[in-house]
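Colleague: Sharing final01.csv here; it has CSV, C-alpha atoms and all ligand atoms.
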```
chain,number,residue,atom,x,y,z
A,1,MET,CA,-19.2,-125.3,-86.3
A,2,GLN,CA,-16.9,-123.2,-84.1
A,3,ARG,CA,-16.5,-119.8,-85.7
A,4,ILE,CA,-13.2,-117.9,-85.4
A,5,ALA,CA,-12.4,-114.2,-85.8
A,6,ILE,CA,-8.7,-113.5,-86.4
A,7,PHE,CA,-7.4,-110.1,-85.2
A,8,ALA,CA,-4.2,-109.0,-87.0
A,9,SER,CA,-2.3,-105.7,-87.4
A,10,GLY,CA,0.3,-106.4,-90.0
A,11,ARG,CA,1.5,-108.7,-92.8
A,12,GLY,CA,-0.6,-111.5,-91.4
A,13,SER,CA,1.6,-114.6,-92.1
A,14,ASN,CA,0.2,-116.3,-89.1
A,15,ALA,CA,-3.3,-115.4,-90.2
A,16,ALA,CA,-2.5,-117.0,-93.6
A,17,SER,CA,-1.3,-120.2,-92.0
A,18,ILE,CA,-4.5,-120.4,-89.9
A,19,LEU,CA,-6.7,-119.7,-93.0
A,20,GLU,CA,-5.0,-122.4,-94.9
A,21,TYR,CA,-5.2,-125.0,-92.2
A,22,PHE,CA,-8.9,-124.5,-91.5
A,23,LYS,CA,-10.0,-123.8,-95.1
A,24,SER,CA,-12.0,-127.0,-95.3
A,25,HIS,CA,-12.1,-128.1,-91.7
A,26,PRO,CA,-15.2,-130.0,-90.5
A,27,VAL,CA,-15.5,-128.2,-87.2
A,28,ILE,CA,-13.7,-124.9,-87.3
A,29,GLN,CA,-14.2,-122.0,-89.7
A,30,VAL,CA,-12.6,-118.6,-89.9
A,31,VAL,CA,-15.5,-116.2,-90.5
A,32,VAL,CA,-13.9,-112.7,-90.2
A,33,ILE,CA,-10.6,-110.9,-90.1
A,34,CYS,CA,-10.4,-107.8,-88.0
A,35,SER,CA,-7.7,-105.2,-87.9
A,36,ASN,CA,-6.9,-101.8,-86.3
A,37,ASN,CA,-5.0,-101.1,-89.6
A,38,PRO,CA,-7.1,-100.6,-92.7
A,39,THR,CA,-4.1,-101.2,-95.0
A,40,ALA,CA,-2.6,-104.2,-93.2
A,41,GLY,CA,-1.1,-106.9,-95.4
A,42,VAL,CA,-3.5,-109.4,-93.8
A,43,LYS,CA,-6.3,-107.8,-95.8
A,44,GLU,CA,-4.9,-109.5,-98.9
A,45,HIS,CA,-4.9,-112.9,-97.2
A,46,ALA,CA,-8.6,-112.2,-96.3
A,47,ALA,CA,-9.4,-111.4,-99.9
A,48,HIS,CA,-7.5,-114.5,-101.2
A,49,TYR,CA,-9.6,-116.8,-98.9
A,50,GLY,CA,-12.8,-114.9,-99.5
A,51,ILE,CA,-13.1,-113.9,-95.8
A,52,PRO,CA,-14.6,-110.5,-94.8
A,53,PHE,CA,-12.2,-107.9,-93.5
A,54,VAL,CA,-13.3,-105.4,-90.9
A,55,HIS,CA,-11.4,-102.3,-89.8
A,56,PHE,CA,-11.8,-101.2,-86.2
A,57,SER,CA,-11.1,-97.5,-85.9
A,58,PRO,CA,-9.7,-96.0,-82.6
A,59,GLU,CA,-13.3,-95.0,-81.7
A,60,ASP,CA,-14.5,-98.5,-82.3
A,61,ARG,CA,-11.8,-99.8,-80.0
A,62,LYS,CA,-12.5,-97.2,-77.3
A,63,ASN,CA,-16.3,-97.8,-77.2
A,64,VAL,CA,-15.9,-101.6,-77.6
A,65,GLU,CA,-19.6,-101.8,-78.6
A,66,PRO,CA,-18.8,-101.7,-82.3
A,67,MET,CA,-16.3,-104.5,-81.9
A,68,LEU,CA,-18.9,-106.6,-80.0
A,69,GLU,CA,-21.5,-105.9,-82.7
A,70,VAL,CA,-19.1,-107.2,-85.4
A,71,LEU,CA,-18.4,-110.4,-83.3
A,72,LYS,CA,-22.1,-110.9,-82.8
A,73,ARG,CA,-22.9,-110.3,-86.4
A,74,TYR,CA,-20.5,-113.1,-87.4
A,75,SER,CA,-21.5,-115.3,-84.5
A,76,VAL,CA,-17.9,-115.6,-83.3
A,77,ASP,CA,-17.1,-118.3,-80.8
A,78,LEU,CA,-13.4,-117.8,-80.5
A,79,ILE,CA,-11.0,-114.8,-81.1
A,80,VAL,CA,-7.5,-115.6,-82.3
A,81,LEU,CA,-4.9,-112.8,-82.1
A,82,ALA,CA,-2.2,-113.2,-84.7
A,83,GLY,CA,0.2,-110.3,-84.6
A,84,TYR,CA,-2.5,-108.0,-83.2
A,85,MET,CA,-0.7,-105.0,-81.6
A,86,LYS,CA,-3.4,-103.3,-79.6
A,87,LEU,CA,-4.5,-104.1,-76.1
A,88,ILE,CA,-7.8,-106.0,-76.0
A,89,PRO,CA,-10.3,-103.9,-74.0
A,90,SER,CA,-11.8,-105.4,-70.8
A,91,GLY,CA,-15.3,-105.2,-72.4
A,92,LEU,CA,-14.1,-107.8,-74.9
A,93,THR,CA,-12.2,-110.1,-72.4
A,94,GLN,CA,-15.4,-110.1,-70.2
A,95,ASN,CA,-17.6,-111.2,-73.1
A,96,PHE,CA,-15.1,-113.7,-74.4
A,97,ASP,CA,-13.8,-115.2,-71.2
A,98,ALA,CA,-11.3,-118.0,-72.0
A,99,ARG,CA,-12.2,-117.5,-75.7
A,100,ILE,CA,-9.4,-115.3,-76.8
A,101,LEU,CA,-6.0,-116.8,-77.7
A,102,ASN,CA,-2.7,-115.0,-78.5
A,103,ILE,CA,0.6,-116.1,-79.9
A,104,HIS,CA,3.8,-114.4,-78.5
A,105,PRO,CA,7.2,-114.9,-80.2
A,106,ALA,CA,9.1,-115.7,-77.0
A,107,LEU,CA,9.0,-117.8,-73.9
A,108,LEU,CA,6.6,-116.0,-71.6
A,109,PRO,CA,6.8,-114.7,-68.9
A,110,LYS,CA,10.2,-113.6,-70.2
A,111,PHE,CA,10.2,-110.9,-72.9
A,112,GLY,CA,6.5,-110.0,-72.6
A,113,GLY,CA,4.5,-106.9,-71.7
A,114,LYS,CA,3.9,-103.5,-73.3
A,115,GLY,CA,6.3,-102.7,-76.1
A,116,MET,CA,7.4,-106.3,-76.4
A,117,TYR,CA,6.2,-107.3,-79.9
A,118,GLY,CA,7.6,-108.4,-83.2
A,119,MET,CA,11.3,-107.6,-83.8
A,120,ASN,CA,11.5,-105.8,-80.4
A,121,VAL,CA,11.2,-109.2,-78.8
A,122,HIS,CA,13.9,-110.9,-80.9
A,123,LYS,CA,16.3,-108.0,-80.4
A,124,ALA,CA,15.8,-108.2,-76.6
A,125,VAL,CA,16.4,-112.0,-76.6
A,126,VAL,CA,19.6,-111.7,-78.6
A,127,LYS,CA,20.9,-108.8,-76.5
A,128,ALA,CA,20.2,-110.6,-73.3
A,129,GLY,CA,22.4,-113.5,-74.5
A,130,GLU,CA,19.6,-116.0,-74.1
A,131,GLN,CA,20.4,-119.6,-75.2
A,132,GLU,CA,16.8,-120.4,-75.8
A,133,SER,CA,13.7,-118.7,-77.2
A,134,GLY,CA,10.5,-120.0,-78.8
A,135,ILE,CA,6.8,-119.3,-78.9
A,136,SER,CA,4.0,-119.1,-76.3
A,137,ILE,CA,0.3,-119.6,-77.0
A,138,HIS,CA,-1.8,-118.2,-74.2
A,139,LEU,CA,-5.2,-117.0,-73.1
A,140,VAL,CA,-5.8,-113.3,-73.2
A,141,ASN,CA,-6.8,-111.0,-70.4
A,142,GLU,CA,-6.8,-107.2,-70.2
A,143,HIS,CA,-3.0,-107.1,-69.5
A,144,TYR,CA,-0.4,-107.6,-72.2
A,145,ASP,CA,0.8,-111.2,-72.3
A,146,GLU,CA,-0.4,-112.2,-68.8
A,147,GLY,CA,-3.1,-114.8,-69.5
A,148,ASP,CA,-2.5,-118.5,-68.8
A,149,VAL,CA,0.1,-120.1,-71.1
A,150,LEU,CA,-1.4,-123.1,-72.9
A,151,PHE,CA,1.6,-124.2,-75.0
A,152,GLN,CA,5.2,-123.4,-75.6
A,153,ALA,CA,7.7,-124.6,-78.3
A,154,PHE,CA,11.4,-124.1,-77.9
A,155,TYR,CA,14.3,-123.0,-80.2
A,156,SER,CA,18.0,-123.2,-79.2
A,157,LEU,CA,19.8,-120.1,-80.4
A,158,LYS,CA,22.8,-120.8,-82.7
A,159,GLU,CA,26.2,-119.3,-82.6
A,160,GLY,CA,26.0,-115.8,-84.3
A,161,GLU,CA,22.2,-115.8,-84.2
A,162,THR,CA,20.8,-112.4,-85.1
A,163,PRO,CA,17.4,-110.9,-84.4
A,164,ASP,CA,16.5,-111.5,-88.0
A,165,SER,CA,17.6,-115.1,-88.1
A,166,LEU,CA,15.9,-115.7,-84.8
A,167,ALA,CA,12.6,-114.1,-86.0
A,168,ALA,CA,12.7,-116.4,-89.1
A,169,GLU,CA,13.1,-119.6,-86.9
A,170,VAL,CA,10.5,-118.5,-84.4
A,171,LEU,CA,8.0,-117.7,-87.3
A,172,LYS,CA,8.4,-121.3,-88.6
A,173,LEU,CA,7.4,-122.6,-85.1
A,174,GLU,CA,4.4,-120.2,-85.1
A,175,HIS,CA,3.1,-121.2,-88.5
A,176,TYR,CA,3.3,-124.9,-87.6
A,177,HIS,CA,1.9,-124.9,-84.1
A,178,TYR,CA,-0.6,-122.1,-83.9
A,179,PRO,CA,-3.3,-123.7,-86.1
A,180,ARG,CA,-2.9,-127.1,-84.4
A,181,GLN,CA,-3.1,-125.5,-80.9
A,182,ILE,CA,-6.2,-123.6,-81.9
A,183,GLU,CA,-7.7,-126.9,-83.1
A,184,GLU,CA,-6.7,-128.7,-79.9
A,185,TYR,CA,-8.1,-125.9,-77.7
A,186,VAL,CA,-11.4,-126.0,-79.6
A,187,PHE,CA,-11.6,-129.8,-79.2
A,188,ASP,CA,-10.6,-129.8,-75.5
A,189,GLN,CA,-12.4,-126.7,-74.3
A,190,LEU,CA,-15.2,-125.6,-76.7
A,191,GLU,CA,-16.4,-128.8,-78.3
A,192,PRO,CA,-15.3,-131.6,-76.0
A,193,GLY,CA,-16.0,-135.0,-77.5
A,194,VAL,CA,-15.6,-133.8,-81.1
A,195,SER,CA,-12.4,-134.6,-82.9
A,196,ASN,CA,-11.2,-135.1,-86.4
B,201,LIG,C1,4.4,-112.8,-85.0
B,201,LIG,O1,5.7,-113.2,-84.8
B,201,LIG,C2,3.7,-112.7,-83.6
B,201,LIG,O2,4.1,-113.7,-82.7
B,201,LIG,C3,4.0,-111.4,-83.1
B,201,LIG,O3,4.0,-110.5,-84.3
B,201,LIG,C4,4.3,-111.3,-85.4
B,201,LIG,C5,3.3,-111.1,-86.5
B,201,LIG,O4,3.7,-111.7,-87.7
B,201,LIG,N1,3.1,-111.0,-82.1
B,201,LIG,C6,3.5,-110.2,-81.1
B,201,LIG,O5,4.7,-109.8,-80.9
B,201,LIG,C7,2.4,-110.0,-80.0
B,201,LIG,N2,3.0,-109.5,-78.8
B,201,LIG,P1,2.6,-111.9,-88.8
B,201,LIG,O6,1.8,-110.6,-89.0
B,201,LIG,O7,3.4,-112.3,-90.0
B,201,LIG,O8,1.7,-113.0,-88.4
```
Show the structure stored in the file as structure tokens.

Modeller:
Amino acid sequence: MQRIAIFASGRGSNAASILEYFKSHPVIQVVVICSNNPTAGVKEHAAHYGIPFVHFSPEDRKNVEPMLEVLKRYSVDLIVLAGYMKLIPSGLTQNFDARILNIHPALLPKFGGKGMYGMNVHKAVVKAGEQESGISIHLVNEHYDEGDVLFQAFYSLKEGETPDSLAAEVLKLEHYHYPRQIEEYVFDQLEPGVSN
């Protein structure tokens, strides 16, 4: 079994789509949900699927050791960021080299970096008059949105597109592709030779 930790900060709709996709998967299992926010909506999804929820305090995130201890306790193989709004400390990226994935709601390297998250991204895309947006799934290093991009899916903006309507369209792409790309990454990189 490949054991996944999901990190999420907010409502957790991506976390929910990942939990649903892997709930009875033969090779991949979500084993813990971690958050910097003790009251994040994702906590309810964790409870619904019977997955432990762990809160990382600012001290935990600064020292890193408590985060590593949790990941060790649950024997985590792969960390999946799903709307996680804090920088991943280098102590974690070093221990999970090429084993941390993130999803970003735009076509990196455009509209990435510090402050570019959630609705900020969609507002910036519409304001810039872009014709196209989409999603990027990428490896995580210690800089915001700078790891290697593994996959992108595209969306053509419609006449009169607003940040809200764009966010809804991009979210549909995220929910569909993220679980499948996680699965593909595990099969290609972590468990080569195994497939469903
Ligand atoms: C998602 O759109 C995700 O791509 C984005 O936050 C949203 C979380 O929604 N992440 C970032 O902007 C990271 N830079 P969710 O909590 O419903 O999954």

Colleague: Using all atoms listed in the file, which residue out of A:Pro105, A:Gly118, A:Pro89, A:Gly160 lies closest to His143 in chain A?

Modeller: A:Pro89

Colleague: So what do you get for CA of Tyr155 in chain A versus CA of Val170 in chain A, distance-wise?

Modeller: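 That distance, rounded to one decimal, is 7.2 Å.
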
Colleague: What's around range 138-140 of chain A at 6 Å? Count all atoms listed in the file, leave out sequence neighbours fewer than 4 positions away in its own chain, and write the answer as an MDAnalysis selection string.

Modeller: chainID A and resid 100:102 147:150

Colleague: At a cut-off of 9 Å, using all atoms listed in the file, what residues contact range 70-75 of chain A? Leave out same-chain residues fewer than 2 positions from it and give the result as number ranges by chain.

Modeller: A: 3-5, 31-32, 54, 65-68, 77, 79

Colleague: Dump C-alpha atoms for the selected residues as an mmCIF file, in the frame of the given file?

Modeller:
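out-v6.cif was written with the following content:
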```
data_model
loop_
_atom_site.group_PDB
_atom_site.id
_atom_site.type_symbol
_atom_site.label_atom_id
_atom_site.label_comp_id
_atom_site.auth_asym_id
_atom_site.auth_seq_id
_atom_site.Cartn_x
_atom_site.Cartn_y
_atom_site.Cartn_z
ATOM 1 C CA ARG A 3 -16.500 -119.800 -85.700
ATOM 2 C CA ILE A 4 -13.200 -117.900 -85.400
ATOM 3 C CA ALA A 5 -12.400 -114.200 -85.800
ATOM 4 C CA VAL A 31 -15.500 -116.200 -90.500
ATOM 5 C CA VAL A 32 -13.900 -112.700 -90.200
ATOM 6 C CA VAL A 54 -13.300 -105.400 -90.900
ATOM 7 C CA GLU A 65 -19.600 -101.800 -78.600
ATOM 8 C CA PRO A 66 -18.800 -101.700 -82.300
ATOM 9 C CA MET A 67 -16.300 -104.500 -81.900
ATOM 10 C CA LEU A 68 -18.900 -106.600 -80.000
ATOM 11 C CA ASP A 77 -17.100 -118.300 -80.800
ATOM 12 C CA ILE A 79 -11.000 -114.800 -81.100
#
```

Colleague: Pick from A:Ile88, A:Val186, A:Ala8, A:Val80: nearest to Val27 in chain A, with all atoms listed in the file counted?

Modeller: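 Between A:Ile88, A:Val186, A:Ala8, A:Val80, the residue approaching Val27 in chain A most closely is A:Val186.
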
Colleague: For ligand LIG 201 (chain B), list the contacting residues at 9 Å or closer, counting all atoms listed in the file, as an NGL selection string.

Modeller: :A and (8-17 or 40-42 or 81-86 or 102-106 or 112-121 or 135-136 or 144-145 or 167-168 or 170-171 or 174-175)

Colleague: Calculated over all atoms listed in the file, which of the candidates A:Val64, A:Leu157, A:Ala98, A:Cys34 has the smallest distance to Leu78 in chain A?

Modeller: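 Closest candidate: A:Ala98.
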
Colleague: What does the distance from CA of Ser156 in chain A to CA of Gln131 in chain A come to in Å, to one decimal?

Modeller: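 Spanning CA of Ser156 in chain A to CA of Gln131 in chain A is a straight-line distance of 5.9 Å.
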
Colleague: Provide an axis-aligned box for all listed atoms of range 166-183 of chain A, padding each side by 4 Å; report its centre and its edge lengths in Å to one decimal, as JSON.

Modeller:
```
{"center_x": 4.1, "center_y": -120.6, "center_z": -85.0, "size_x": 31.6, "size_y": 21.0, "size_z": 16.2}
```

Colleague: When you count all atoms listed in the file, which of these residues is closest to Gln94 in chain A: A:Glu184, A:Glu142, A:Glu159, A:Glu169?

Modeller: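 Going through A:Glu184, A:Glu142, A:Glu159, A:Glu169 one by one, the smallest distance to Gln94 in chain A is for A:Glu142.
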
Colleague: Which residue is closest to Tyr21 in chain A? Choose from A:Leu190, A:Tyr49, A:Lys43, A:Ala153 and count all atoms listed in the file.

Modeller: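 Ranked by minimum distance to Tyr21 in chain A, first place goes to A:Tyr49.
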
Colleague: What does the structure give for the distance between CA of Ala128 in chain A and CA of Glu161 in chain A, in Å to one decimal?

Modeller: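 Separation of CA of Ala128 in chain A and CA of Glu161 in chain A: 12.2 Å.
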
Colleague: I need the residue nearest Ile182 in chain A from this list: A:Phe96, A:Phe53, A:Phe111, A:Phe151. Use only C-alpha atoms for the distance.

Modeller: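 Result for the nearest residue to Ile182 in chain A: A:Phe151.
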